[in-house]
$ cat model_29.pdb   # PDB, C-alpha atoms
ATOM      1  CA  MET A   1     -93.420 -67.219 168.540  1.00  0.00           C
ATOM      2  CA  ALA A   2     -94.917 -67.580 165.065  1.00  0.00           C
ATOM      3  CA  ILE A   3     -98.607 -66.995 164.398  1.00  0.00           C
ATOM      4  CA  VAL A   4    -100.376 -70.127 163.203  1.00  0.00           C
ATOM      5  CA  ALA A   5    -102.285 -70.099 159.937  1.00  0.00           C
ATOM      6  CA  ARG A   6    -106.042 -70.213 160.361  1.00  0.00           C
ATOM      7  CA  LYS A   7    -109.100 -68.590 158.810  1.00  0.00           C
ATOM      8  CA  GLN A   8    -108.636 -65.322 160.737  1.00  0.00           C
ATOM      9  CA  PRO A   9    -106.353 -62.987 158.702  1.00  0.00           C
ATOM     10  CA  LEU A  10    -102.782 -62.862 160.003  1.00  0.00           C
ATOM     11  CA  TYR A  11    -102.870 -59.142 160.713  1.00  0.00           C
ATOM     12  CA  ASP A  12    -106.112 -59.648 162.712  1.00  0.00           C
ATOM     13  CA  GLN A  13    -104.369 -62.268 164.827  1.00  0.00           C
ATOM     14  CA  LEU A  14    -101.513 -59.834 165.472  1.00  0.00           C
ATOM     15  CA  VAL A  15    -104.000 -57.108 166.381  1.00  0.00           C
ATOM     16  CA  ASP A  16    -105.522 -59.448 168.977  1.00  0.00           C
ATOM     17  CA  ILE A  17    -102.112 -60.334 170.426  1.00  0.00           C
ATOM     18  CA  LEU A  18    -100.955 -56.713 170.641  1.00  0.00           C
ATOM     19  CA  THR A  19    -104.293 -55.561 172.070  1.00  0.00           C
ATOM     20  CA  GLU A  20    -103.889 -58.125 174.849  1.00  0.00           C
ATOM     21  CA  LYS A  21    -100.379 -56.838 175.579  1.00  0.00           C
ATOM     22  CA  ILE A  22    -101.558 -53.216 175.547  1.00  0.00           C
ATOM     23  CA  ASP A  23    -104.329 -54.077 178.008  1.00  0.00           C
ATOM     24  CA  HIS A  24    -102.210 -56.124 180.404  1.00  0.00           C
ATOM     25  CA  GLU A  25     -98.471 -55.559 179.889  1.00  0.00           C
ATOM     26  CA  TYR A  26     -97.756 -52.159 178.388  1.00  0.00           C
ATOM     27  CA  ARG A  27     -98.328 -48.766 179.976  1.00  0.00           C
ATOM     28  CA  PRO A  28     -99.529 -45.534 178.285  1.00  0.00           C
ATOM     29  CA  GLY A  29     -96.588 -43.891 176.546  1.00  0.00           C
ATOM     30  CA  ASP A  30     -94.561 -47.098 176.206  1.00  0.00           C
ATOM     31  CA  LEU A  31     -92.677 -47.488 172.934  1.00  0.00           C
ATOM     32  CA  MET A  32     -93.980 -50.478 170.989  1.00  0.00           C
ATOM     33  CA  PRO A  33     -91.597 -52.899 169.238  1.00  0.00           C
ATOM     34  CA  SER A  34     -90.639 -51.763 165.746  1.00  0.00           C
ATOM     35  CA  GLU A  35     -92.146 -53.228 162.579  1.00  0.00           C
ATOM     36  CA  ARG A  36     -88.935 -55.187 162.034  1.00  0.00           C
ATOM     37  CA  GLU A  37     -88.961 -56.592 165.586  1.00  0.00           C
ATOM     38  CA  LEU A  38     -92.615 -57.619 165.330  1.00  0.00           C
ATOM     39  CA  SER A  39     -92.011 -59.152 161.921  1.00  0.00           C
ATOM     40  CA  GLU A  40     -89.154 -61.297 163.240  1.00  0.00           C
ATOM     41  CA  ARG A  41     -90.904 -62.169 166.525  1.00  0.00           C
ATOM     42  CA  TYR A  42     -94.118 -63.432 164.918  1.00  0.00           C
ATOM     43  CA  GLY A  43     -92.813 -64.649 161.555  1.00  0.00           C
ATOM     44  CA  LEU A  44     -94.871 -62.126 159.559  1.00  0.00           C
ATOM     45  CA  SER A  45     -94.147 -59.860 156.631  1.00  0.00           C
ATOM     46  CA  ARG A  46     -93.550 -56.166 157.271  1.00  0.00           C
ATOM     47  CA  THR A  47     -96.693 -55.407 155.249  1.00  0.00           C
ATOM     48  CA  THR A  48     -98.827 -57.563 157.578  1.00  0.00           C
ATOM     49  CA  VAL A  49     -97.294 -55.919 160.661  1.00  0.00           C
ATOM     50  CA  ARG A  50     -97.909 -52.462 159.191  1.00  0.00           C
ATOM     51  CA  LEU A  51    -101.584 -53.309 158.589  1.00  0.00           C
ATOM     52  CA  ALA A  52    -101.931 -54.457 162.200  1.00  0.00           C
ATOM     53  CA  LEU A  53    -100.382 -51.257 163.562  1.00  0.00           C
ATOM     54  CA  GLN A  54    -102.631 -49.169 161.327  1.00  0.00           C
ATOM     55  CA  GLU A  55    -105.648 -51.014 162.745  1.00  0.00           C
ATOM     56  CA  LEU A  56    -104.457 -50.430 166.332  1.00  0.00           C
ATOM     57  CA  GLU A  57    -104.070 -46.744 165.513  1.00  0.00           C
ATOM     58  CA  ARG A  58    -107.574 -46.635 164.021  1.00  0.00           C
ATOM     59  CA  LEU A  59    -108.889 -48.159 167.265  1.00  0.00           C
ATOM     60  CA  GLY A  60    -107.119 -45.467 169.278  1.00  0.00           C
ATOM     61  CA  LEU A  61    -104.854 -47.982 171.056  1.00  0.00           C
ATOM     62  CA  VAL A  62    -101.544 -46.658 169.744  1.00  0.00           C
ATOM     63  CA  VAL A  63    -100.087 -43.396 168.472  1.00  0.00           C
ATOM     64  CA  ARG A  64     -97.679 -43.517 165.536  1.00  0.00           C
ATOM     65  CA  GLN A  65     -95.201 -40.621 165.442  1.00  0.00           C
ATOM     66  CA  HIS A  66     -93.179 -40.128 162.281  1.00  0.00           C
ATOM     67  CA  GLY A  67     -89.494 -40.730 162.881  1.00  0.00           C
ATOM     68  CA  ARG A  68     -90.012 -41.779 166.507  1.00  0.00           C
ATOM     69  CA  GLY A  69     -92.020 -44.988 166.458  1.00  0.00           C
ATOM     70  CA  THR A  70     -95.332 -46.327 167.755  1.00  0.00           C
ATOM     71  CA  PHE A  71     -96.442 -45.577 171.311  1.00  0.00           C
ATOM     72  CA  VAL A  72     -99.206 -46.963 173.524  1.00  0.00           C
ATOM     73  CA  ALA A  73    -102.022 -44.401 173.679  1.00  0.00           C
ATOM     74  CA  ASP A  74    -103.265 -42.958 176.943  1.00  0.00           C
ATOM     75  CA  ARG A  75    -106.931 -43.933 176.949  1.00  0.00           C
ATOM     76  CA  SER A  76    -107.512 -42.472 180.394  1.00  0.00           C
ATOM     77  CA  ALA A  77    -107.402 -38.930 179.001  1.00  0.00           C
ATOM     78  CA  GLN A  78    -109.344 -36.457 181.115  1.00  0.00           C
ATOM     79  CA  THR A  79    -112.973 -36.164 180.126  1.00  0.00           C
ATOM     80  CA  THR A  80    -114.205 -32.753 179.033  1.00  0.00           C
ATOM     81  CA  ASN A  81    -117.634 -31.743 180.309  1.00  0.00           C
ATOM     82  CA  LEU A  82    -119.275 -29.811 177.485  1.00  0.00           C
ATOM     83  CA  MET A  83    -121.824 -28.260 179.848  1.00  0.00           C
ATOM     84  CA  HIS A  84    -119.090 -25.874 181.013  1.00  0.00           C
ATOM     85  CA  SER A  85    -116.910 -23.437 179.084  1.00  0.00           C
ATOM     86  CA  TYR A  86    -113.929 -25.231 177.596  1.00  0.00           C
ATOM     87  CA  SER A  87    -110.351 -24.169 178.170  1.00  0.00           C
ATOM     88  CA  PHE A  88    -107.565 -26.258 176.691  1.00  0.00           C
ATOM     89  CA  THR A  89    -105.039 -24.698 179.075  1.00  0.00           C
ATOM     90  CA  ASP A  90    -107.177 -25.357 182.166  1.00  0.00           C
ATOM     91  CA  GLN A  91    -107.959 -28.926 181.099  1.00  0.00           C
ATOM     92  CA  MET A  92    -104.308 -29.795 180.553  1.00  0.00           C
ATOM     93  CA  ARG A  93    -103.277 -28.281 183.883  1.00  0.00           C
ATOM     94  CA  GLU A  94    -105.992 -30.252 185.689  1.00  0.00           C
ATOM     95  CA  MET A  95    -104.446 -33.385 184.180  1.00  0.00           C
ATOM     96  CA  GLY A  96    -101.028 -32.371 185.517  1.00  0.00           C
ATOM     97  CA  ARG A  97     -99.711 -31.632 182.028  1.00  0.00           C
ATOM     98  CA  ASP A  98     -97.839 -28.578 180.798  1.00  0.00           C
ATOM     99  CA  PRO A  99     -99.863 -26.790 178.065  1.00  0.00           C
ATOM    100  CA  GLN A 100     -98.208 -24.864 175.234  1.00  0.00           C
ATOM    101  CA  THR A 101     -99.716 -22.761 172.460  1.00  0.00           C
ATOM    102  CA  THR A 102     -97.880 -21.938 169.237  1.00  0.00           C
ATOM    103  CA  ILE A 103     -99.320 -19.290 166.921  1.00  0.00           C
ATOM    104  CA  LEU A 104     -98.807 -20.561 163.390  1.00  0.00           C
ATOM    105  CA  GLU A 105    -100.630 -17.768 161.561  1.00  0.00           C
ATOM    106  CA  PHE A 106    -102.287 -14.442 162.309  1.00  0.00           C
ATOM    107  CA  CYS A 107    -103.618 -12.411 159.414  1.00  0.00           C
ATOM    108  CA  GLU A 108    -106.495 -10.293 158.116  1.00  0.00           C
ATOM    109  CA  PHE A 109    -108.527 -11.216 155.053  1.00  0.00           C
ATOM    110  CA  GLU A 110    -111.973 -10.909 153.437  1.00  0.00           C
ATOM    111  CA  ALA A 111    -114.795 -13.294 154.337  1.00  0.00           C
ATOM    112  CA  ASP A 112    -115.821 -15.715 151.619  1.00  0.00           C
ATOM    113  CA  LYS A 113    -119.373 -17.004 151.181  1.00  0.00           C
ATOM    114  CA  ASN A 114    -118.906 -19.939 153.561  1.00  0.00           C
ATOM    115  CA  LEU A 115    -117.432 -17.917 156.432  1.00  0.00           C
ATOM    116  CA  ALA A 116    -119.919 -15.080 155.921  1.00  0.00           C
ATOM    117  CA  GLU A 117    -122.795 -17.533 156.328  1.00  0.00           C
ATOM    118  CA  HIS A 118    -121.352 -19.104 159.478  1.00  0.00           C
ATOM    119  CA  MET A 119    -120.433 -15.809 161.108  1.00  0.00           C
ATOM    120  CA  GLY A 120    -123.452 -13.712 160.170  1.00  0.00           C
ATOM    121  CA  THR A 121    -121.359 -11.229 158.192  1.00  0.00           C
ATOM    122  CA  ARG A 122    -121.315 -10.124 154.575  1.00  0.00           C
ATOM    123  CA  ILE A 123    -119.056 -11.467 151.848  1.00  0.00           C
ATOM    124  CA  GLY A 124    -115.970  -9.262 151.791  1.00  0.00           C
ATOM    125  CA  ASP A 125    -116.162  -8.195 155.440  1.00  0.00           C
ATOM    126  CA  ARG A 126    -112.754  -8.158 157.100  1.00  0.00           C
ATOM    127  CA  LEU A 127    -111.923 -11.079 159.388  1.00  0.00           C
ATOM    128  CA  PHE A 128    -108.962 -12.006 161.529  1.00  0.00           C
ATOM    129  CA  LYS A 129    -107.664 -15.554 161.150  1.00  0.00           C
ATOM    130  CA  LEU A 130    -105.750 -17.103 164.037  1.00  0.00           C
ATOM    131  CA  LYS A 131    -104.218 -20.549 163.543  1.00  0.00           C
ATOM    132  CA  ARG A 132    -102.749 -22.191 166.638  1.00  0.00           C
ATOM    133  CA  LEU A 133    -101.153 -25.504 167.574  1.00  0.00           C
ATOM    134  CA  ARG A 134    -102.061 -26.628 171.081  1.00  0.00           C
ATOM    135  CA  SER A 135     -99.651 -29.035 172.778  1.00  0.00           C
ATOM    136  CA  ALA A 136     -99.181 -30.697 176.165  1.00  0.00           C
ATOM    137  CA  ASP A 137     -95.805 -31.836 177.509  1.00  0.00           C
ATOM    138  CA  GLY A 138     -94.438 -31.231 174.022  1.00  0.00           C
ATOM    139  CA  MET A 139     -97.016 -33.521 172.358  1.00  0.00           C
ATOM    140  CA  PRO A 140     -99.185 -31.868 169.644  1.00  0.00           C
ATOM    141  CA  MET A 141    -102.837 -32.229 170.662  1.00  0.00           C
ATOM    142  CA  MET A 142    -105.019 -29.891 168.608  1.00  0.00           C
ATOM    143  CA  VAL A 143    -104.943 -27.526 165.632  1.00  0.00           C
ATOM    144  CA  GLU A 144    -107.306 -24.549 165.948  1.00  0.00           C
ATOM    145  CA  ARG A 145    -108.382 -22.127 163.224  1.00  0.00           C
ATOM    146  CA  THR A 146    -110.218 -19.159 164.715  1.00  0.00           C
ATOM    147  CA  TYR A 147    -112.037 -16.403 162.829  1.00  0.00           C
ATOM    148  CA  MET A 148    -113.077 -13.085 164.399  1.00  0.00           C
ATOM    149  CA  PRO A 149    -114.753  -9.964 162.896  1.00  0.00           C
ATOM    150  CA  VAL A 150    -112.187  -7.173 162.539  1.00  0.00           C
ATOM    151  CA  ARG A 151    -114.789  -4.471 163.307  1.00  0.00           C
ATOM    152  CA  LYS A 152    -115.117  -5.868 166.856  1.00  0.00           C
ATOM    153  CA  PHE A 153    -111.359  -6.134 167.447  1.00  0.00           C
ATOM    154  CA  LEU A 154    -109.825  -3.279 165.444  1.00  0.00           C
ATOM    155  CA  SER A 155    -106.616  -2.939 167.466  1.00  0.00           C
ATOM    156  CA  LEU A 156    -105.958  -6.660 167.898  1.00  0.00           C
ATOM    157  CA  LYS A 157    -102.293  -7.540 167.403  1.00  0.00           C
ATOM    158  CA  ARG A 158    -100.404 -10.813 167.502  1.00  0.00           C
ATOM    159  CA  PRO A 159     -98.302 -10.018 170.637  1.00  0.00           C
ATOM    160  CA  LEU A 160    -101.463  -9.695 172.723  1.00  0.00           C
ATOM    161  CA  LEU A 161    -102.532 -13.197 171.715  1.00  0.00           C
ATOM    162  CA  GLU A 162     -99.110 -14.581 172.584  1.00  0.00           C
ATOM    163  CA  HIS A 163     -99.422 -13.529 176.232  1.00  0.00           C
ATOM    164  CA  LYS A 164    -103.124 -13.905 177.082  1.00  0.00           C
ATOM    165  CA  SER A 165    -105.863 -16.452 176.524  1.00  0.00           C
ATOM    166  CA  LEU A 166    -108.193 -15.704 173.636  1.00  0.00           C
ATOM    167  CA  TYR A 167    -111.251 -15.357 175.873  1.00  0.00           C
ATOM    168  CA  ASP A 168    -109.409 -12.990 178.214  1.00  0.00           C
ATOM    169  CA  VAL A 169    -108.529 -10.865 175.188  1.00  0.00           C
ATOM    170  CA  ILE A 170    -112.141 -10.899 173.987  1.00  0.00           C
ATOM    171  CA  GLU A 171    -113.663  -9.994 177.352  1.00  0.00           C
ATOM    172  CA  GLN A 172    -110.987  -7.946 179.114  1.00  0.00           C
ATOM    173  CA  ASP A 173    -109.295  -6.057 176.296  1.00  0.00           C
ATOM    174  CA  PHE A 174    -112.247  -5.580 173.954  1.00  0.00           C
ATOM    175  CA  ARG A 175    -115.168  -5.597 176.418  1.00  0.00           C
ATOM    176  CA  GLN A 176    -117.060  -8.247 174.470  1.00  0.00           C
ATOM    177  CA  LYS A 177    -118.948 -10.103 177.168  1.00  0.00           C
ATOM    178  CA  ILE A 178    -119.438 -13.734 176.127  1.00  0.00           C
ATOM    179  CA  ARG A 179    -123.028 -14.922 176.522  1.00  0.00           C
ATOM    180  CA  VAL A 180    -122.881 -18.440 175.128  1.00  0.00           C
ATOM    181  CA  ALA A 181    -120.693 -20.732 173.029  1.00  0.00           C
ATOM    182  CA  GLU A 182    -122.157 -23.499 170.890  1.00  0.00           C
ATOM    183  CA  GLU A 183    -119.966 -26.467 170.071  1.00  0.00           C
ATOM    184  CA  GLU A 184    -120.492 -29.529 167.930  1.00  0.00           C
ATOM    185  CA  PHE A 185    -118.039 -32.322 167.260  1.00  0.00           C
ATOM    186  CA  PHE A 186    -117.818 -35.378 165.064  1.00  0.00           C
ATOM    187  CA  ALA A 187    -115.401 -38.139 164.160  1.00  0.00           C
ATOM    188  CA  SER A 188    -113.209 -37.641 161.134  1.00  0.00           C
ATOM    189  CA  ILE A 189    -109.820 -38.583 159.693  1.00  0.00           C
ATOM    190  CA  ALA A 190    -106.659 -36.498 159.655  1.00  0.00           C
ATOM    191  CA  ARG A 191    -106.029 -34.529 156.478  1.00  0.00           C
ATOM    192  CA  PRO A 192    -102.386 -34.241 155.322  1.00  0.00           C
ATOM    193  CA  ALA A 193    -101.620 -30.729 156.671  1.00  0.00           C
ATOM    194  CA  ASP A 194    -103.183 -31.416 160.083  1.00  0.00           C
ATOM    195  CA  ALA A 195    -101.570 -34.868 160.305  1.00  0.00           C
ATOM    196  CA  ARG A 196     -98.123 -33.307 159.874  1.00  0.00           C
ATOM    197  CA  LEU A 197     -98.768 -30.739 162.620  1.00  0.00           C
ATOM    198  CA  LEU A 198    -100.236 -33.327 165.007  1.00  0.00           C
ATOM    199  CA  GLU A 199     -97.464 -35.836 164.214  1.00  0.00           C
ATOM    200  CA  ILE A 200     -99.925 -38.589 163.347  1.00  0.00           C
ATOM    201  CA  SER A 201    -100.511 -40.590 160.198  1.00  0.00           C
ATOM    202  CA  GLU A 202    -102.598 -39.174 157.395  1.00  0.00           C
ATOM    203  CA  GLY A 203    -106.055 -40.738 157.718  1.00  0.00           C
ATOM    204  CA  ALA A 204    -105.676 -41.383 161.465  1.00  0.00           C
ATOM    205  CA  PRO A 205    -108.844 -40.830 163.552  1.00  0.00           C
ATOM    206  CA  VAL A 206    -109.421 -37.284 164.799  1.00  0.00           C
ATOM    207  CA  LEU A 207    -112.216 -35.220 166.301  1.00  0.00           C
ATOM    208  CA  ASP A 208    -113.416 -32.213 164.331  1.00  0.00           C
ATOM    209  CA  LEU A 209    -114.902 -29.499 166.545  1.00  0.00           C
ATOM    210  CA  VAL A 210    -116.850 -26.400 165.518  1.00  0.00           C
ATOM    211  CA  ARG A 211    -117.368 -23.645 168.106  1.00  0.00           C
ATOM    212  CA  THR A 212    -119.442 -20.483 167.636  1.00  0.00           C
ATOM    213  CA  THR A 213    -119.268 -17.875 170.400  1.00  0.00           C
ATOM    214  CA  TYR A 214    -121.829 -15.085 170.876  1.00  0.00           C
ATOM    215  CA  ASN A 215    -121.668 -11.827 172.851  1.00  0.00           C
ATOM    216  CA  GLU A 216    -124.492 -10.347 174.906  1.00  0.00           C
ATOM    217  CA  SER A 217    -125.918  -8.689 171.789  1.00  0.00           C
ATOM    218  CA  ASN A 218    -126.165 -12.146 170.177  1.00  0.00           C
ATOM    219  CA  GLU A 219    -123.412 -11.285 167.687  1.00  0.00           C
ATOM    220  CA  ILE A 220    -120.796 -13.863 166.721  1.00  0.00           C
ATOM    221  CA  VAL A 221    -117.394 -12.840 168.074  1.00  0.00           C
ATOM    222  CA  GLU A 222    -115.557 -16.110 167.452  1.00  0.00           C
ATOM    223  CA  TYR A 223    -115.884 -19.015 165.031  1.00  0.00           C
ATOM    224  CA  THR A 224    -113.339 -21.798 165.579  1.00  0.00           C
ATOM    225  CA  LEU A 225    -112.664 -24.989 163.649  1.00  0.00           C
ATOM    226  CA  SER A 226    -110.489 -27.448 165.572  1.00  0.00           C
ATOM    227  CA  VAL A 227    -108.942 -30.808 164.801  1.00  0.00           C
ATOM    228  CA  ALA A 228    -108.020 -32.864 167.884  1.00  0.00           C
ATOM    229  CA  ARG A 229    -106.195 -36.149 168.212  1.00  0.00           C
ATOM    230  CA  ALA A 230    -108.796 -38.825 168.910  1.00  0.00           C
ATOM    231  CA  ASP A 231    -106.402 -40.764 171.146  1.00  0.00           C
ATOM    232  CA  GLN A 232    -106.005 -37.802 173.509  1.00  0.00           C
ATOM    233  CA  PHE A 233    -109.527 -36.392 173.873  1.00  0.00           C
ATOM    234  CA  LYS A 234    -112.717 -37.790 175.338  1.00  0.00           C
ATOM    235  CA  TYR A 235    -115.902 -35.770 175.808  1.00  0.00           C
ATOM    236  CA  LYS A 236    -118.779 -36.225 178.193  1.00  0.00           C
ATOM    237  CA  ILE A 237    -122.144 -34.460 178.294  1.00  0.00           C
ATOM    238  CA  PHE A 238    -124.300 -34.337 181.431  1.00  0.00           C
ATOM    239  CA  HIS A 239    -128.057 -34.157 180.923  1.00  0.00           C
ATOM    240  CA  GLN A 240    -130.077 -32.948 183.872  1.00  0.00           C
ATOM    241  CA  ARG A 241    -133.811 -33.520 184.000  1.00  0.00           C
ATOM    242  CA  ASN A 242    -135.899 -30.618 185.200  1.00  0.00           C
ATOM    243  CA  ASP A 243    -139.284 -31.763 186.532  1.00  0.00           C
TER     244      ASP A 243
END
$ encode --input "model_29.pdb" --output "structure tokens"
Amino acid sequence: MAIVARKQPLYDQLVDILTEKIDHEYRPGDLMPSERELSERYGLSRTTVRLALQELERLGLVVRQHGRGTFVADRSAQTTNLMHSYSFTDQMREMGRDPQTTILEFCEFEADKNLAEHMGTRIGDRLFKLKRLRSADGMPMMVERTYMPVRKFLSLKRPLLEHKSLYDVIEQDFRQKIRVAEEEFFASIARPADARLLEISEGAPVLDLVRTTYNESNEIVEYTLSVARADQFKYKIFHQRND
């Protein structure tokens, strides 16, 4: 079935057609037809088809995985309530998914001006950096970069982090009682390094999250910068009125 020429751009017409199929025919996780198949089916150039798929990805309707193809996104992803403490592992398990964490980097270095300002330390203070890839059912979901003051966690070693959750390590192994965690998030686009880890296209929509965690002495014990796939995360905030 060829697309008829009219004022609406051809790739926009294809976006409309594929959106209709995603809403009524396809299921989350289904493999979409290839660029070549769509090109032949609708009598369009590969460039036009590619533009349409890029637009569907921008809208969060599909997920494009390098070397594998384009898949229908799961838009019914479990909502995270930001009024409660967040646990990636717990959230994935509640959704019936199998969570995995891969430690990509664990090192010690000196705080620069930017990190010193965000963590309430001095320039040159020693920090731990923990970079992790969080996945569910083998699908990359989030890249986390966590910074912690070495003076609070002097004996921290990588093997401990491989077998326990970060907050369990903070509270149980180092007796740093968490008082509060502040988190802000905003829409962004995937930068090249994160896109490769998350198996999405460079420039695809993502959520950037910034979390700052304080102990009972109001000292920062964790500062985490996360990049999450926008097609897999949805956040909800409950506001309660106190009369």
$ resolve_selection --input "model_29.pdb" --expression "the PyMOL selection byres ((chain A and resi 171-175) around 12)" --output "JSON, numbers by chain"
{"A": [150, 151, 152, 153, 154, 155, 156, 157, 160, 161, 164, 165, 166, 167, 168, 169, 170, 176, 177, 178, 179, 213, 214, 215, 216, 221, 222]}
$ resolve_selection --input "model_29.pdb" --expression "the PyMOL selection byres ((chain A and resi 108) around 7)" --output "VMD selection string"
chain A and resid 107 109 126 to 129
$ residues_around --input "model_29.pdb" --residues "Asp194 (chain A)" --least-positions-apart "2" --cutoff "10 Å" --atoms "all atoms listed in the file" --output "list in words"
Leu133, Met142, Val143, Glu144, Ile189, Ala190, Arg191, Pro192, Arg196, Leu197, Leu198, Glu199, Ile200, Ser201, Glu202, Val206, Ser226, Val227, Ala228 and Arg229 of chain A
$ resolve_selection --input "model_29.pdb" --expression "the PyMOL selection byres ((chain A and resi 22-35) around 10)" --output "mmCIF file with C-alpha atoms, in the coordinates of the input"
data_model
loop_
_atom_site.group_PDB
_atom_site.id
_atom_site.type_symbol
_atom_site.label_atom_id
_atom_site.label_comp_id
_atom_site.auth_asym_id
_atom_site.auth_seq_id
_atom_site.Cartn_x
_atom_site.Cartn_y
_atom_site.Cartn_z
ATOM 1 C CA ASP A 16 -105.522 -59.448 168.977
ATOM 2 C CA ILE A 17 -102.112 -60.334 170.426
ATOM 3 C CA LEU A 18 -100.955 -56.713 170.641
ATOM 4 C CA THR A 19 -104.293 -55.561 172.070
ATOM 5 C CA GLU A 20 -103.889 -58.125 174.849
ATOM 6 C CA LYS A 21 -100.379 -56.838 175.579
ATOM 7 C CA ARG A 36 -88.935 -55.187 162.034
ATOM 8 C CA GLU A 37 -88.961 -56.592 165.586
ATOM 9 C CA LEU A 38 -92.615 -57.619 165.330
ATOM 10 C CA SER A 39 -92.011 -59.152 161.921
ATOM 11 C CA GLU A 40 -89.154 -61.297 163.240
ATOM 12 C CA ARG A 41 -90.904 -62.169 166.525
ATOM 13 C CA LEU A 44 -94.871 -62.126 159.559
ATOM 14 C CA SER A 45 -94.147 -59.860 156.631
ATOM 15 C CA ARG A 46 -93.550 -56.166 157.271
ATOM 16 C CA THR A 47 -96.693 -55.407 155.249
ATOM 17 C CA THR A 48 -98.827 -57.563 157.578
ATOM 18 C CA VAL A 49 -97.294 -55.919 160.661
ATOM 19 C CA ARG A 50 -97.909 -52.462 159.191
ATOM 20 C CA ALA A 52 -101.931 -54.457 162.200
ATOM 21 C CA LEU A 53 -100.382 -51.257 163.562
ATOM 22 C CA LEU A 61 -104.854 -47.982 171.056
ATOM 23 C CA VAL A 62 -101.544 -46.658 169.744
ATOM 24 C CA VAL A 63 -100.087 -43.396 168.472
ATOM 25 C CA ARG A 64 -97.679 -43.517 165.536
ATOM 26 C CA ARG A 68 -90.012 -41.779 166.507
ATOM 27 C CA GLY A 69 -92.020 -44.988 166.458
ATOM 28 C CA THR A 70 -95.332 -46.327 167.755
ATOM 29 C CA PHE A 71 -96.442 -45.577 171.311
ATOM 30 C CA VAL A 72 -99.206 -46.963 173.524
ATOM 31 C CA ALA A 73 -102.022 -44.401 173.679
ATOM 32 C CA ASP A 74 -103.265 -42.958 176.943
ATOM 33 C CA ARG A 75 -106.931 -43.933 176.949
ATOM 34 C CA SER A 76 -107.512 -42.472 180.394
#
$ atom_distance --input "model_29.pdb" --atom1 "CA of Tyr223 (chain A)" --atom2 "CA of Arg145 (chain A)"
8.3 Å
$ atom_distance --input "model_29.pdb" --atom1 "CA of Gln232 (chain A)" --atom2 "CA of Glu162 (chain A)"
24.2 Å
$ atom_distance --input "model_29.pdb" --atom1 "CA of Asp98 (chain A)" --atom2 "CA of Gln65 (chain A)"
19.7 Å
$ closest_residue --input "model_29.pdb" --among "A:Ala195, A:Gln13, A:Ala230, A:Arg158" --to "Tyr42 (chain A)" --atoms "all atoms listed in the file"
A:Gln13
$ residues_around --input "model_29.pdb" --residues "Leu225 (chain A)" --least-positions-apart "4" --cutoff "8 Å" --atoms "only C-alpha atoms" --output "number ranges by chain"
A: 144-146, 208-211
$ closest_residue --input "model_29.pdb" --among "A:Arg122, A:Glu57, A:Asp137, A:Ile220" --to "Glu182 (chain A)" --atoms "all atoms listed in the file"
A:Ile220
$ closest_residue --input "model_29.pdb" --among "A:Gly60, A:Asp231, A:Asn218, A:Glu55" --to "Gly120 (chain A)" --atoms "all atoms listed in the file"
A:Asn218
$ closest_residue --input "model_29.pdb" --among "A:Met139, A:Ala193, A:Val180, A:Leu51" --to "Arg97 (chain A)" --atoms "all atoms listed in the file"
A:Met139
